[in-house]
file coords-v8.cif (mmCIF, C-alpha atoms)
data_final
#
loop_
_atom_site.group_PDB
_atom_site.id
_atom_site.type_symbol
_atom_site.label_atom_id
_atom_site.label_comp_id
_atom_site.auth_asym_id
_atom_site.auth_seq_id
_atom_site.Cartn_x
_atom_site.Cartn_y
_atom_site.Cartn_z
ATOM 1 C CA MET A 135 156.751 107.972 105.402
ATOM 2 C CA SER A 136 156.819 111.309 107.192
ATOM 3 C CA LEU A 137 155.820 111.650 110.835
ATOM 4 C CA HIS A 138 152.044 111.521 111.343
ATOM 5 C CA PRO A 139 150.444 114.993 111.638
ATOM 6 C CA TYR A 140 149.236 114.300 115.177
ATOM 7 C CA PHE A 141 152.732 113.452 116.393
ATOM 8 C CA ARG A 142 154.179 116.365 114.446
ATOM 9 C CA ALA A 143 151.734 118.682 116.211
ATOM 10 C CA LEU A 144 152.604 117.138 119.591
ATOM 11 C CA ARG A 145 156.343 117.606 119.104
ATOM 12 C CA ASP A 146 155.860 121.175 117.846
ATOM 13 C CA GLU A 147 153.648 121.999 120.823
ATOM 14 C CA HIS A 148 156.284 120.593 123.165
ATOM 15 C CA GLU A 149 159.009 122.602 121.463
ATOM 16 C CA ARG A 150 157.007 125.860 121.660
ATOM 17 C CA SER A 151 156.071 125.365 125.299
ATOM 18 C CA GLY A 152 159.615 124.697 126.471
ATOM 19 C CA ALA A 153 158.225 122.048 128.817
ATOM 20 C CA PRO A 154 160.818 119.597 130.150
ATOM 21 C CA ALA A 155 160.914 116.026 128.943
ATOM 22 C CA LEU A 156 159.802 113.366 131.401
ATOM 23 C CA TYR A 157 163.427 112.349 131.924
ATOM 24 C CA GLU A 158 164.213 115.903 133.058
ATOM 25 C CA MET A 159 161.560 115.786 135.783
ATOM 26 C CA SER A 160 161.417 114.224 139.199
ATOM 27 C CA VAL A 161 159.806 110.789 139.230
ATOM 28 C CA GLU A 162 156.625 112.122 140.825
ATOM 29 C CA ASP A 163 156.323 115.002 138.358
ATOM 30 C CA ALA A 164 156.947 112.591 135.468
ATOM 31 C CA ARG A 165 154.189 110.307 136.728
ATOM 32 C CA ARG A 166 151.775 113.222 136.995
ATOM 33 C CA ALA A 167 152.614 114.498 133.507
ATOM 34 C CA ASP A 168 152.290 111.013 132.027
ATOM 35 C CA ARG A 169 148.823 110.567 133.556
ATOM 36 C CA LEU A 170 147.672 113.902 132.121
ATOM 37 C CA ASP A 171 149.124 113.246 128.658
ATOM 38 C CA THR A 172 147.653 109.750 128.505
ATOM 39 C CA ALA A 173 144.206 110.911 129.614
ATOM 40 C CA ARG A 174 144.202 113.647 126.988
ATOM 41 C CA ALA A 175 144.825 111.166 124.177
ATOM 42 C CA ALA A 176 142.663 108.325 125.536
ATOM 43 C CA GLY A 177 139.315 110.024 124.991
ATOM 44 C CA THR A 178 136.032 109.140 126.663
ATOM 45 C CA PRO A 179 136.185 105.794 128.500
ATOM 46 C CA GLU A 180 134.562 103.062 126.428
ATOM 47 C CA PRO A 181 131.808 101.284 128.376
ATOM 48 C CA VAL A 182 132.199 97.634 129.300
ATOM 49 C CA ALA A 183 129.779 95.384 131.143
ATOM 50 C CA ARG A 184 131.720 95.332 134.394
ATOM 51 C CA VAL A 185 134.951 96.536 136.014
ATOM 52 C CA ASP A 186 136.205 95.099 139.311
ATOM 53 C CA ASP A 187 139.266 96.030 141.326
ATOM 54 C CA VAL A 188 140.749 93.026 143.093
ATOM 55 C CA PRO A 189 144.128 92.429 144.728
ATOM 56 C CA VAL A 190 146.284 89.339 144.467
ATOM 57 C CA ALA A 191 148.344 88.512 147.530
ATOM 58 C CA THR A 192 152.073 87.912 147.014
ATOM 59 C CA PRO A 193 154.971 87.504 149.454
ATOM 60 C CA ALA A 194 155.906 91.133 148.689
ATOM 61 C CA GLY A 195 152.380 92.445 149.316
ATOM 62 C CA ASP A 196 149.130 92.839 147.426
ATOM 63 C CA VAL A 197 149.263 93.533 143.680
ATOM 64 C CA PRO A 198 146.229 95.483 142.391
ATOM 65 C CA LEU A 199 144.326 93.974 139.478
ATOM 66 C CA ARG A 200 141.562 95.619 137.476
ATOM 67 C CA VAL A 201 139.267 93.153 135.697
ATOM 68 C CA TYR A 202 137.306 94.284 132.622
ATOM 69 C CA ARG A 203 134.419 92.138 131.365
ATOM 70 C CA PRO A 204 132.740 92.831 128.011
ATOM 71 C CA ARG A 205 129.860 90.535 128.975
ATOM 72 C CA ALA A 206 128.690 89.942 132.493
ATOM 73 C CA ASP A 207 127.957 86.224 132.704
ATOM 74 C CA ASP A 208 129.912 84.211 130.136
ATOM 75 C CA VAL A 209 133.088 82.241 130.798
ATOM 76 C CA LEU A 210 135.561 84.014 128.526
ATOM 77 C CA PRO A 211 139.204 83.858 127.508
ATOM 78 C CA ALA A 212 141.462 86.392 129.194
ATOM 79 C CA LEU A 213 144.261 88.795 128.353
ATOM 80 C CA VAL A 214 146.511 89.699 131.293
ATOM 81 C CA TYR A 215 147.752 93.187 130.403
ATOM 82 C CA PHE A 216 150.840 95.022 131.662
ATOM 83 C CA HIS A 217 150.910 98.798 131.190
ATOM 84 C CA GLY A 218 153.767 100.761 129.686
ATOM 85 C CA GLY A 219 155.751 103.581 131.233
ATOM 86 C CA GLY A 220 159.337 102.407 131.419
ATOM 87 C CA TRP A 221 158.658 100.494 134.658
ATOM 88 C CA VAL A 222 158.602 103.962 136.302
ATOM 89 C CA VAL A 223 155.452 105.840 135.213
ATOM 90 C CA GLY A 224 152.006 104.611 134.221
ATOM 91 C CA GLY A 225 149.517 102.474 136.083
ATOM 92 C CA LEU A 226 146.010 101.066 136.005
ATOM 93 C CA GLU A 227 144.610 104.471 135.016
ATOM 94 C CA THR A 228 146.885 104.915 132.013
ATOM 95 C CA ALA A 229 146.014 101.431 130.744
ATOM 96 C CA ASP A 230 142.267 101.933 131.148
ATOM 97 C CA ALA A 231 141.384 102.946 127.584
ATOM 98 C CA VAL A 232 143.439 100.130 126.054
ATOM 99 C CA CYS A 233 141.938 97.515 128.352
ATOM 100 C CA ARG A 234 138.358 98.619 127.699
ATOM 101 C CA SER A 235 138.930 98.668 123.953
ATOM 102 C CA LEU A 236 140.592 95.247 123.780
ATOM 103 C CA ALA A 237 137.995 93.666 126.073
ATOM 104 C CA ASN A 238 135.182 94.783 123.786
ATOM 105 C CA ARG A 239 136.925 94.075 120.497
ATOM 106 C CA ALA A 240 138.446 90.714 121.426
ATOM 107 C CA GLY A 241 135.438 89.572 123.452
ATOM 108 C CA CYS A 242 137.677 88.587 126.346
ATOM 109 C CA VAL A 243 138.248 89.463 129.960
ATOM 110 C CA VAL A 244 141.174 91.873 130.313
ATOM 111 C CA VAL A 245 143.055 91.869 133.605
ATOM 112 C CA ALA A 246 145.243 94.944 134.083
ATOM 113 C CA VAL A 247 148.117 94.547 136.543
ATOM 114 C CA GLY A 248 149.268 97.335 138.855
ATOM 115 C CA TYR A 249 152.785 95.990 139.290
ATOM 116 C CA ARG A 250 155.392 97.637 141.511
ATOM 117 C CA LYS A 251 157.336 100.416 139.836
ATOM 118 C CA ALA A 252 160.901 101.638 139.931
ATOM 119 C CA PRO A 253 162.840 103.297 141.431
ATOM 120 C CA GLU A 254 161.043 102.288 144.627
ATOM 121 C CA SER A 255 161.031 98.641 143.513
ATOM 122 C CA LYS A 256 163.851 97.614 141.210
ATOM 123 C CA PHE A 257 164.092 94.669 138.803
ATOM 124 C CA PRO A 258 162.829 91.963 139.122
ATOM 125 C CA ALA A 259 159.943 93.245 141.286
ATOM 126 C CA ALA A 260 157.734 94.108 138.303
ATOM 127 C CA VAL A 261 158.445 90.732 136.695
ATOM 128 C CA ASP A 262 157.572 88.947 139.932
ATOM 129 C CA ASP A 263 154.274 90.834 140.232
ATOM 130 C CA CYS A 264 153.287 90.184 136.619
ATOM 131 C CA ARG A 265 154.149 86.507 136.955
ATOM 132 C CA ALA A 266 152.103 86.271 140.184
ATOM 133 C CA ALA A 267 149.146 88.017 138.559
ATOM 134 C CA THR A 268 149.204 85.663 135.563
ATOM 135 C CA GLU A 269 149.370 82.615 137.825
ATOM 136 C CA HIS A 270 146.484 84.019 139.874
ATOM 137 C CA VAL A 271 144.272 84.424 136.797
ATOM 138 C CA ALA A 272 144.984 80.814 135.796
ATOM 139 C CA ARG A 273 144.551 79.448 139.305
ATOM 140 C CA ASP A 274 141.355 81.384 140.082
ATOM 141 C CA ALA A 275 139.948 81.209 136.566
ATOM 142 C CA ALA A 276 136.609 79.744 137.632
ATOM 143 C CA ARG A 277 135.971 82.499 140.151
ATOM 144 C CA LEU A 278 136.994 85.156 137.635
ATOM 145 C CA GLY A 279 134.780 83.692 134.901
ATOM 146 C CA VAL A 280 137.842 82.918 132.783
ATOM 147 C CA ASP A 281 138.616 79.892 130.632
ATOM 148 C CA ALA A 282 141.904 78.673 132.154
ATOM 149 C CA GLU A 283 142.963 77.107 128.848
ATOM 150 C CA ARG A 284 142.702 80.407 126.981
ATOM 151 C CA ILE A 285 144.851 82.967 128.774
ATOM 152 C CA ALA A 286 147.139 85.376 126.914
ATOM 153 C CA VAL A 287 149.549 88.026 128.159
ATOM 154 C CA GLY A 288 150.309 91.377 126.613
ATOM 155 C CA GLY A 289 151.542 94.871 127.149
ATOM 156 C CA ASP A 290 152.959 97.987 125.555
ATOM 157 C CA SER A 291 156.560 99.210 125.819
ATOM 158 C CA ALA A 292 157.825 98.182 129.265
ATOM 159 C CA GLY A 293 154.610 96.166 129.529
ATOM 160 C CA GLY A 294 155.593 94.290 126.373
ATOM 161 C CA ASN A 295 158.949 93.599 127.997
ATOM 162 C CA LEU A 296 157.173 92.197 131.061
ATOM 163 C CA ALA A 297 154.835 90.081 128.925
ATOM 164 C CA ALA A 298 157.826 88.551 127.137
ATOM 165 C CA ALA A 299 159.480 87.854 130.500
ATOM 166 C CA VAL A 300 156.330 86.161 131.815
ATOM 167 C CA THR A 301 156.190 83.860 128.791
ATOM 168 C CA LEU A 302 159.781 82.783 129.455
ATOM 169 C CA LEU A 303 158.978 82.034 133.089
ATOM 170 C CA ALA A 304 155.765 80.203 132.230
ATOM 171 C CA ARG A 305 157.635 78.017 129.734
ATOM 172 C CA ASP A 306 160.530 77.272 132.070
ATOM 173 C CA GLU A 307 158.710 76.952 135.391
ATOM 174 C CA GLY A 308 155.701 74.807 134.653
ATOM 175 C CA GLY A 309 153.009 77.112 133.364
ATOM 176 C CA PRO A 310 150.467 78.411 133.002
ATOM 177 C CA ARG A 311 150.187 77.258 129.401
ATOM 178 C CA LEU A 312 149.642 80.576 127.663
ATOM 179 C CA ALA A 313 147.627 80.927 124.460
ATOM 180 C CA ALA A 314 149.341 84.014 123.049
ATOM 181 C CA GLN A 315 151.524 87.051 123.686
ATOM 182 C CA LEU A 316 150.688 90.559 122.453
ATOM 183 C CA LEU A 317 153.875 92.644 122.396
ATOM 184 C CA VAL A 318 153.315 96.291 121.507
ATOM 185 C CA TYR A 319 156.589 98.115 120.757
ATOM 186 C CA PRO A 320 158.278 96.010 123.439
ATOM 187 C CA VAL A 321 161.572 96.816 125.148
ATOM 188 C CA THR A 322 163.715 93.742 124.455
ATOM 189 C CA ASP A 323 167.376 94.648 124.983
ATOM 190 C CA TYR A 324 169.121 96.948 127.450
ATOM 191 C CA MET A 325 172.146 97.236 125.209
ATOM 192 C CA ALA A 326 170.259 97.808 121.971
ATOM 193 C CA ASP A 327 172.530 99.673 119.554
ATOM 194 C CA THR A 328 170.139 99.719 116.640
ATOM 195 C CA GLN A 329 169.561 102.156 113.821
ATOM 196 C CA SER A 330 166.200 103.173 115.245
ATOM 197 C CA MET A 331 167.774 103.819 118.661
ATOM 198 C CA ARG A 332 170.594 105.859 117.110
ATOM 199 C CA ASP A 333 168.073 107.825 115.050
ATOM 200 C CA GLY A 334 165.761 108.346 118.022
ATOM 201 C CA GLY A 335 167.259 111.536 119.399
ATOM 202 C CA ASP A 336 164.439 114.042 118.909
ATOM 203 C CA PRO A 337 164.118 115.732 122.344
ATOM 204 C CA HIS A 338 160.434 116.441 121.741
ATOM 205 C CA LEU A 339 159.449 112.792 121.224
ATOM 206 C CA PHE A 340 160.157 109.593 123.134
ATOM 207 C CA ASN A 341 163.879 109.092 122.508
ATOM 208 C CA ARG A 342 167.007 107.220 123.499
ATOM 209 C CA LYS A 343 167.512 109.481 126.538
ATOM 210 C CA SER A 344 164.051 108.429 127.709
ATOM 211 C CA MET A 345 165.153 104.805 127.645
ATOM 212 C CA GLU A 346 168.421 105.582 129.433
ATOM 213 C CA TRP A 347 166.428 107.290 132.194
ATOM 214 C CA TYR A 348 163.980 104.400 132.529
ATOM 215 C CA TRP A 349 166.683 101.727 132.532
ATOM 216 C CA GLY A 350 168.640 103.739 135.097
ATOM 217 C CA HIS A 351 165.708 103.644 137.471
ATOM 218 C CA TYR A 352 164.740 100.019 136.768
ATOM 219 C CA LEU A 353 167.984 98.106 137.180
ATOM 220 C CA ALA A 354 169.660 97.944 140.562
ATOM 221 C CA ASP A 355 172.840 96.563 139.016
ATOM 222 C CA ALA A 356 174.182 96.826 135.479
ATOM 223 C CA ALA A 357 174.853 93.086 135.655
ATOM 224 C CA ASN A 358 171.075 92.576 135.428
ATOM 225 C CA ALA A 359 171.124 93.988 131.888
ATOM 226 C CA THR A 360 171.893 90.619 130.328
ATOM 227 C CA ASP A 361 169.262 88.731 132.336
ATOM 228 C CA PRO A 362 166.647 87.491 129.823
ATOM 229 C CA LEU A 363 163.909 88.630 132.195
ATOM 230 C CA ALA A 364 165.179 92.183 131.687
ATOM 231 C CA SER A 365 166.401 91.785 128.100
ATOM 232 C CA PRO A 366 164.343 88.994 126.484
ATOM 233 C CA LEU A 367 166.255 89.328 123.222
ATOM 234 C CA ARG A 368 169.254 87.888 125.089
ATOM 235 C CA ALA A 369 167.475 84.654 126.031
ATOM 236 C CA ALA A 370 169.476 81.677 124.761
ATOM 237 C CA ASP A 371 166.392 79.877 123.470
ATOM 238 C CA LEU A 372 162.969 81.209 122.478
ATOM 239 C CA ALA A 373 161.529 77.874 121.336
ATOM 240 C CA GLY A 374 158.287 76.724 122.885
ATOM 241 C CA LEU A 375 156.889 80.187 123.558
ATOM 242 C CA PRO A 376 153.280 81.043 122.717
ATOM 243 C CA PRO A 377 152.273 82.623 119.392
ATOM 244 C CA ALA A 378 153.128 86.313 119.232
ATOM 245 C CA LEU A 379 151.810 89.475 117.640
ATOM 246 C CA VAL A 380 154.577 92.080 117.676
ATOM 247 C CA VAL A 381 153.557 95.677 116.945
ATOM 248 C CA THR A 382 156.130 98.362 116.151
ATOM 249 C CA ALA A 383 156.061 102.006 115.034
ATOM 250 C CA GLU A 384 158.232 103.605 112.362
ATOM 251 C CA PHE A 385 159.420 106.594 114.427
ATOM 252 C CA ASP A 386 160.172 104.687 117.626
ATOM 253 C CA PRO A 387 163.643 104.078 119.074
ATOM 254 C CA LEU A 388 162.367 100.629 120.127
ATOM 255 C CA ARG A 389 161.329 99.647 116.601
ATOM 256 C CA ASP A 390 164.375 97.614 115.631
ATOM 257 C CA GLU A 391 164.726 95.672 118.880
ATOM 258 C CA GLY A 392 161.045 94.745 118.766
ATOM 259 C CA GLU A 393 161.410 93.536 115.200
ATOM 260 C CA ALA A 394 164.610 91.671 116.080
ATOM 261 C CA TYR A 395 162.693 89.865 118.808
ATOM 262 C CA ALA A 396 159.974 88.913 116.336
ATOM 263 C CA ARG A 397 162.601 87.472 113.980
ATOM 264 C CA ARG A 398 164.214 85.475 116.781
ATOM 265 C CA LEU A 399 160.838 84.080 117.802
ATOM 266 C CA GLU A 400 160.142 83.077 114.217
ATOM 267 C CA ASP A 401 163.594 81.489 113.878
ATOM 268 C CA ALA A 402 162.809 79.458 117.023
ATOM 269 C CA GLY A 403 159.648 78.061 115.442
ATOM 270 C CA VAL A 404 157.155 80.337 117.182
ATOM 271 C CA ASP A 405 154.109 81.458 115.190
ATOM 272 C CA VAL A 406 154.714 85.219 114.817
ATOM 273 C CA GLU A 407 152.879 88.078 113.169
ATOM 274 C CA LEU A 408 154.850 91.334 112.914
ATOM 275 C CA VAL A 409 153.229 94.615 111.934
ATOM 276 C CA ARG A 410 154.948 97.992 111.698
ATOM 277 C CA TYR A 411 152.760 101.121 111.732
ATOM 278 C CA GLU A 412 154.324 103.608 109.355
ATOM 279 C CA GLY A 413 154.374 107.292 110.245
ATOM 280 C CA LEU A 414 153.630 106.670 113.910
ATOM 281 C CA ALA A 415 155.741 107.111 117.016
ATOM 282 C CA HIS A 416 156.088 105.457 120.399
ATOM 283 C CA GLY A 417 152.932 105.547 122.498
ATOM 284 C CA PHE A 418 150.407 105.543 119.662
ATOM 285 C CA PHE A 419 148.636 102.383 120.872
ATOM 286 C CA THR A 420 147.223 104.208 123.924
ATOM 287 C CA MET A 421 145.886 107.148 121.859
ATOM 288 C CA VAL A 422 142.512 105.680 120.950
ATOM 289 C CA GLY A 423 140.713 108.960 121.581
ATOM 290 C CA VAL A 424 142.637 110.899 118.925
ATOM 291 C CA LEU A 425 144.167 108.449 116.428
ATOM 292 C CA ALA A 426 142.167 106.360 113.977
ATOM 293 C CA GLU A 427 145.362 104.354 113.498
ATOM 294 C CA ALA A 428 145.347 103.404 117.187
ATOM 295 C CA ARG A 429 141.783 102.147 116.912
ATOM 296 C CA ALA A 430 142.723 100.193 113.781
ATOM 297 C CA ALA A 431 145.673 98.674 115.652
ATOM 298 C CA HIS A 432 143.298 97.595 118.414
ATOM 299 C CA ASP A 433 140.993 96.023 115.842
ATOM 300 C CA ARG A 434 143.913 94.087 114.389
ATOM 301 C CA ALA A 435 145.215 92.993 117.796
ATOM 302 C CA ALA A 436 141.732 91.922 118.862
ATOM 303 C CA SER A 437 141.140 89.945 115.677
ATOM 304 C CA TRP A 438 144.478 88.197 116.186
ATOM 305 C CA LEU A 439 143.638 87.411 119.821
ATOM 306 C CA ARG A 440 140.255 85.984 118.841
ATOM 307 C CA ARG A 441 141.959 83.671 116.350
ATOM 308 C CA ARG A 442 144.494 82.515 118.938
ATOM 309 C CA PHE A 443 141.791 81.900 121.526
ATOM 310 C CA GLU A 444 139.673 80.023 119.001
ATOM 311 C CA ALA A 445 142.641 77.869 117.994
ATOM 312 C CA ARG A 446 143.122 76.879 121.619
ATOM 313 C CA ARG A 447 139.536 75.602 121.744
ATOM 314 C CA GLU A 448 140.116 73.199 118.874
ATOM 315 C CA PRO A 449 141.185 69.610 119.613
ATOM 316 C CA GLY A 450 144.944 69.408 119.267
ATOM 317 C CA GLY A 451 145.216 73.212 119.234
ATOM 318 C CA PRO A 452 148.650 74.788 119.630
ATOM 319 C CA ALA A 453 150.400 74.616 122.988
#
call {"tool": "encode", "arguments": {"input": "coords-v8.cif", "output": "C-alpha cells"}}
result
Amino acid sequence: MSLHPYFRALRDEHERSGAPALYEMSVEDARRADRLDTARAAGTPEPVARVDDVPVATPAGDVPLRVYRPRADDVLPALVYFHGGGWVVGGLETADAVCRSLANRAGCVVVAVGYRKAPESKFPAAVDDCRAATEHVARDAARLGVDAERIAVGGDSAGGNLAAAVTLLARDEGGPRLAAQLLVYPVTDYMADTQSMRDGGDPHLFNRKSMEWYWGHYLADAANATDPLASPLRAADLAGLPPALVVTAEFDPLRDEGEAYARRLEDAGVDVELVRYEGLAHGFFTMVGVLAEARAAHDRAASWLRRRFEARREPGGPA
C-alpha cells in the first residue's frame, strides 16, 4: 500500500517547514517538540472514572505512576503501560490518550509508568523502574483495586521494548505471573539490519537515524547491546512468556524486528497474535484524535486484552 494520507501530509508539512528532526535537536528541545506533536494528534482527552497520580518507592528514588480507572469501585484487571519515545522523550503526558482509551475499551485499570529517561539515566534504569512498577501493582493490587492474577504489561516503541524486558525478568526472577504482553511496534534488537530498517531513511518520518540517536543516548556501553533486557530478540530462550499481541506498521523501520520477535515467541510455544497495519508509519497508535485506524487498533488491542484477562479467570487458565 501507499503511505496513509495523514502521514503523507505530515511528512510534506515537515519538508516544507524545514524544521529539524528530533535527532537534530537538543534533548530538551526534542522532548518539547514530542509533547507538542503528540498532543496535536491525541485529540480531546477521553473521560475515565478516575485518574490518580501515585509514586512507587525504589532504591533509586520514586517512580511516578498514573492510574486510570474506567469504573470507580470494581476490582479490575490491570495493564501496566510503558510509554514510547526512544527511552529519551515522552512521559506520562504523551501516554495519556492511549491509557484512557485502553482503560475504557478493555475495561481494565491502566497504570502508566513515568520511568527514568536517558541520557540522564542510562540502561538499565528504565528497565529497573518498569520492573519495580509492575511488582508494585501486583504487590499492592488490593489497595489499587486490581485483580493480582490478571495483570498485563504493554507499551509502544521503546515502551514495547521495556514490556518485553519485564516479561523476561518476571519469568526468570519469580514473578509476577503476567497474563499478557501488548507490544506495539516494539524495539527488539540494537543491531537490527532488516529490510524495513534499511528502507527507513526518509528524513521527514521516524527513520533509522532516529533509532541511532535514541540508542546512542540509552546505552552507556556498546557491550549492553546484546543484553536481552536491551535487545529482547537476542534472548536465548523465549519459552514460558505470557501471550503476546504484537502490532507493527508497514512504513516503520521497526516493522521487521517486531515481526521477527513475534515469530520467535511463536516458535518458543508462546500464544502470539501478530497484526501489521498497512499504509501506516511509526507512532500511529498514539494518534487517536486524528486516525480512525489508531482507534481501530485500540479496539483490537482491547478486545485481545479482554480475552486474555477472561482466560486467566477460568480454572486451569494459561500461566
call {"tool": "atom_distance", "arguments": {"input": "coords-v8.cif", "atom1": "CA of His432 (chain A)", "atom2": "CA of Asp146 (chain A)"}}
result
26.7 Å
call {"tool": "resolve_selection", "arguments": {"input": "coords-v8.cif", "expression": "the PyMOL selection byres ((chain A and resi 378) around 6)", "output": "list in words"}}
result
Ala314, Gln315, Leu316, Pro377, Leu379 and Val406 of chain A
call {"tool": "closest_residue", "arguments": {"input": "coords-v8.cif", "among": "A:Ala246, A:Ala383, A:Gly177, A:Leu170", "to": "Pro189 (chain A)", "atoms": "only C-alpha atoms"}}
result
A:Ala246
call {"tool": "closest_residue", "arguments": {"input": "coords-v8.cif", "among": "A:Val214, A:Val244, A:Val232, A:Leu363", "to": "Val261 (chain A)", "atoms": "all atoms listed in the file"}}
result
A:Leu363
call {"tool": "closest_residue", "arguments": {"input": "coords-v8.cif", "among": "A:Asp355, A:Asp336, A:Glu412, A:Asp187", "to": "Lys256 (chain A)", "atoms": "all atoms listed in the file"}}
result
A:Asp355
call {"tool": "resolve_selection", "arguments": {"input": "coords-v8.cif", "expression": "the PyMOL selection byres ((chain A and resi 290-302) around 7)", "output": "PyMOL selection string"}}
result
chain A and resi 216-221+261+264-265+287-289+303-306+315+317-322+363+366+375
call {"tool": "residues_around", "arguments": {"input": "coords-v8.cif", "residues": "Ala252 (chain A)", "least_positions_apart": "3", "cutoff": "8 Å", "atoms": "only C-alpha atoms", "output": "list in words"}}
result
Trp221, Val222, Ser255, Lys256, Phe257, His351 and Tyr352 of chain A
call {"tool": "residues_around", "arguments": {"input": "coords-v8.cif", "residues": "Phe141 (chain A)", "least_positions_apart": "6", "cutoff": "9 Å", "atoms": "all atoms listed in the file", "output": "list of chain:residue names"}}
result
A:Leu339, A:Gly413, A:Leu414, A:Ala415, A:Phe418
call {"tool": "resolve_selection", "arguments": {"input": "coords-v8.cif", "expression": "the PyMOL selection byres ((chain A and resi 192) around 10)", "output": "PyMOL selection string"}}
result
chain A and resi 189-191+193-197+262-263+266-267+270
call {"tool": "decode", "arguments": {"input": "coords-v8.cif", "residues": "region 265-318 of chain A", "atoms": "C-alpha atoms", "output": "PDB file, in the first residue's frame"}}
result
ATOM      1  CA  ARG A 265      10.041  -3.885  36.704  1.00  0.00           C
ATOM      2  CA  ALA A 266       9.561  -2.139  40.079  1.00  0.00           C
ATOM      3  CA  ALA A 267       6.284  -0.596  38.930  1.00  0.00           C
ATOM      4  CA  THR A 268       4.939  -3.958  37.739  1.00  0.00           C
ATOM      5  CA  GLU A 269       5.902  -5.624  41.015  1.00  0.00           C
ATOM      6  CA  HIS A 270       4.242  -2.774  42.916  1.00  0.00           C
ATOM      7  CA  VAL A 271       0.951  -3.216  41.044  1.00  0.00           C
ATOM      8  CA  ALA A 272       0.986  -6.945  41.840  1.00  0.00           C
ATOM      9  CA  ARG A 273       2.023  -6.462  45.453  1.00  0.00           C
ATOM     10  CA  ASP A 274      -0.434  -3.634  46.187  1.00  0.00           C
ATOM     11  CA  ALA A 275      -3.213  -4.975  43.985  1.00  0.00           C
ATOM     12  CA  ALA A 276      -5.847  -4.910  46.723  1.00  0.00           C
ATOM     13  CA  ARG A 277      -5.209  -1.266  47.533  1.00  0.00           C
ATOM     14  CA  LEU A 278      -5.226  -0.352  43.845  1.00  0.00           C
ATOM     15  CA  GLY A 279      -8.466  -2.249  43.193  1.00  0.00           C
ATOM     16  CA  VAL A 280      -6.643  -4.634  40.857  1.00  0.00           C
ATOM     17  CA  ASP A 281      -7.015  -8.384  40.428  1.00  0.00           C
ATOM     18  CA  ALA A 282      -3.457  -9.603  41.114  1.00  0.00           C
ATOM     19  CA  GLU A 283      -3.991 -12.679  38.933  1.00  0.00           C
ATOM     20  CA  ARG A 284      -4.858 -10.597  35.873  1.00  0.00           C
ATOM     21  CA  ILE A 285      -2.023  -8.155  35.249  1.00  0.00           C
ATOM     22  CA  ALA A 286      -0.630  -7.489  31.768  1.00  0.00           C
ATOM     23  CA  VAL A 287       2.210  -5.278  30.575  1.00  0.00           C
ATOM     24  CA  GLY A 288       2.404  -3.272  27.391  1.00  0.00           C
ATOM     25  CA  GLY A 289       3.922  -0.346  25.616  1.00  0.00           C
ATOM     26  CA  ASP A 290       4.677   1.268  22.287  1.00  0.00           C
ATOM     27  CA  SER A 291       8.102   1.514  20.633  1.00  0.00           C
ATOM     28  CA  ALA A 292      10.664   1.825  23.438  1.00  0.00           C
ATOM     29  CA  GLY A 293       7.773   1.032  25.780  1.00  0.00           C
ATOM     30  CA  GLY A 294       7.219  -2.226  23.900  1.00  0.00           C
ATOM     31  CA  ASN A 295      10.908  -2.964  24.376  1.00  0.00           C
ATOM     32  CA  LEU A 296      10.542  -2.364  28.119  1.00  0.00           C
ATOM     33  CA  ALA A 297       7.413  -4.527  28.314  1.00  0.00           C
ATOM     34  CA  ALA A 298       9.274  -7.397  26.646  1.00  0.00           C
ATOM     35  CA  ALA A 299      12.168  -6.938  29.084  1.00  0.00           C
ATOM     36  CA  VAL A 300       9.800  -7.008  32.068  1.00  0.00           C
ATOM     37  CA  THR A 301       8.266 -10.285  30.897  1.00  0.00           C
ATOM     38  CA  LEU A 302      11.739 -11.839  30.729  1.00  0.00           C
ATOM     39  CA  LEU A 303      12.527 -10.674  34.255  1.00  0.00           C
ATOM     40  CA  ALA A 304       9.168 -11.804  35.615  1.00  0.00           C
ATOM     41  CA  ARG A 305       9.681 -15.265  34.108  1.00  0.00           C
ATOM     42  CA  ASP A 306      13.254 -15.618  35.332  1.00  0.00           C
ATOM     43  CA  GLU A 307      13.013 -13.962  38.744  1.00  0.00           C
ATOM     44  CA  GLY A 308       9.873 -15.362  40.288  1.00  0.00           C
ATOM     45  CA  GLY A 309       7.008 -13.257  39.030  1.00  0.00           C
ATOM     46  CA  PRO A 310       4.623 -11.649  38.962  1.00  0.00           C
ATOM     47  CA  ARG A 311       2.775 -14.156  36.800  1.00  0.00           C
ATOM     48  CA  LEU A 312       1.709 -11.929  33.932  1.00  0.00           C
ATOM     49  CA  ALA A 313      -1.461 -12.523  31.920  1.00  0.00           C
ATOM     50  CA  ALA A 314      -0.361 -10.929  28.648  1.00  0.00           C
ATOM     51  CA  GLN A 315       2.035  -8.595  26.857  1.00  0.00           C
ATOM     52  CA  LEU A 316       0.930  -5.907  24.392  1.00  0.00           C
ATOM     53  CA  LEU A 317       3.887  -4.956  22.189  1.00  0.00           C
ATOM     54  CA  VAL A 318       3.185  -2.066  19.829  1.00  0.00           C
TER      55      VAL A 318
END
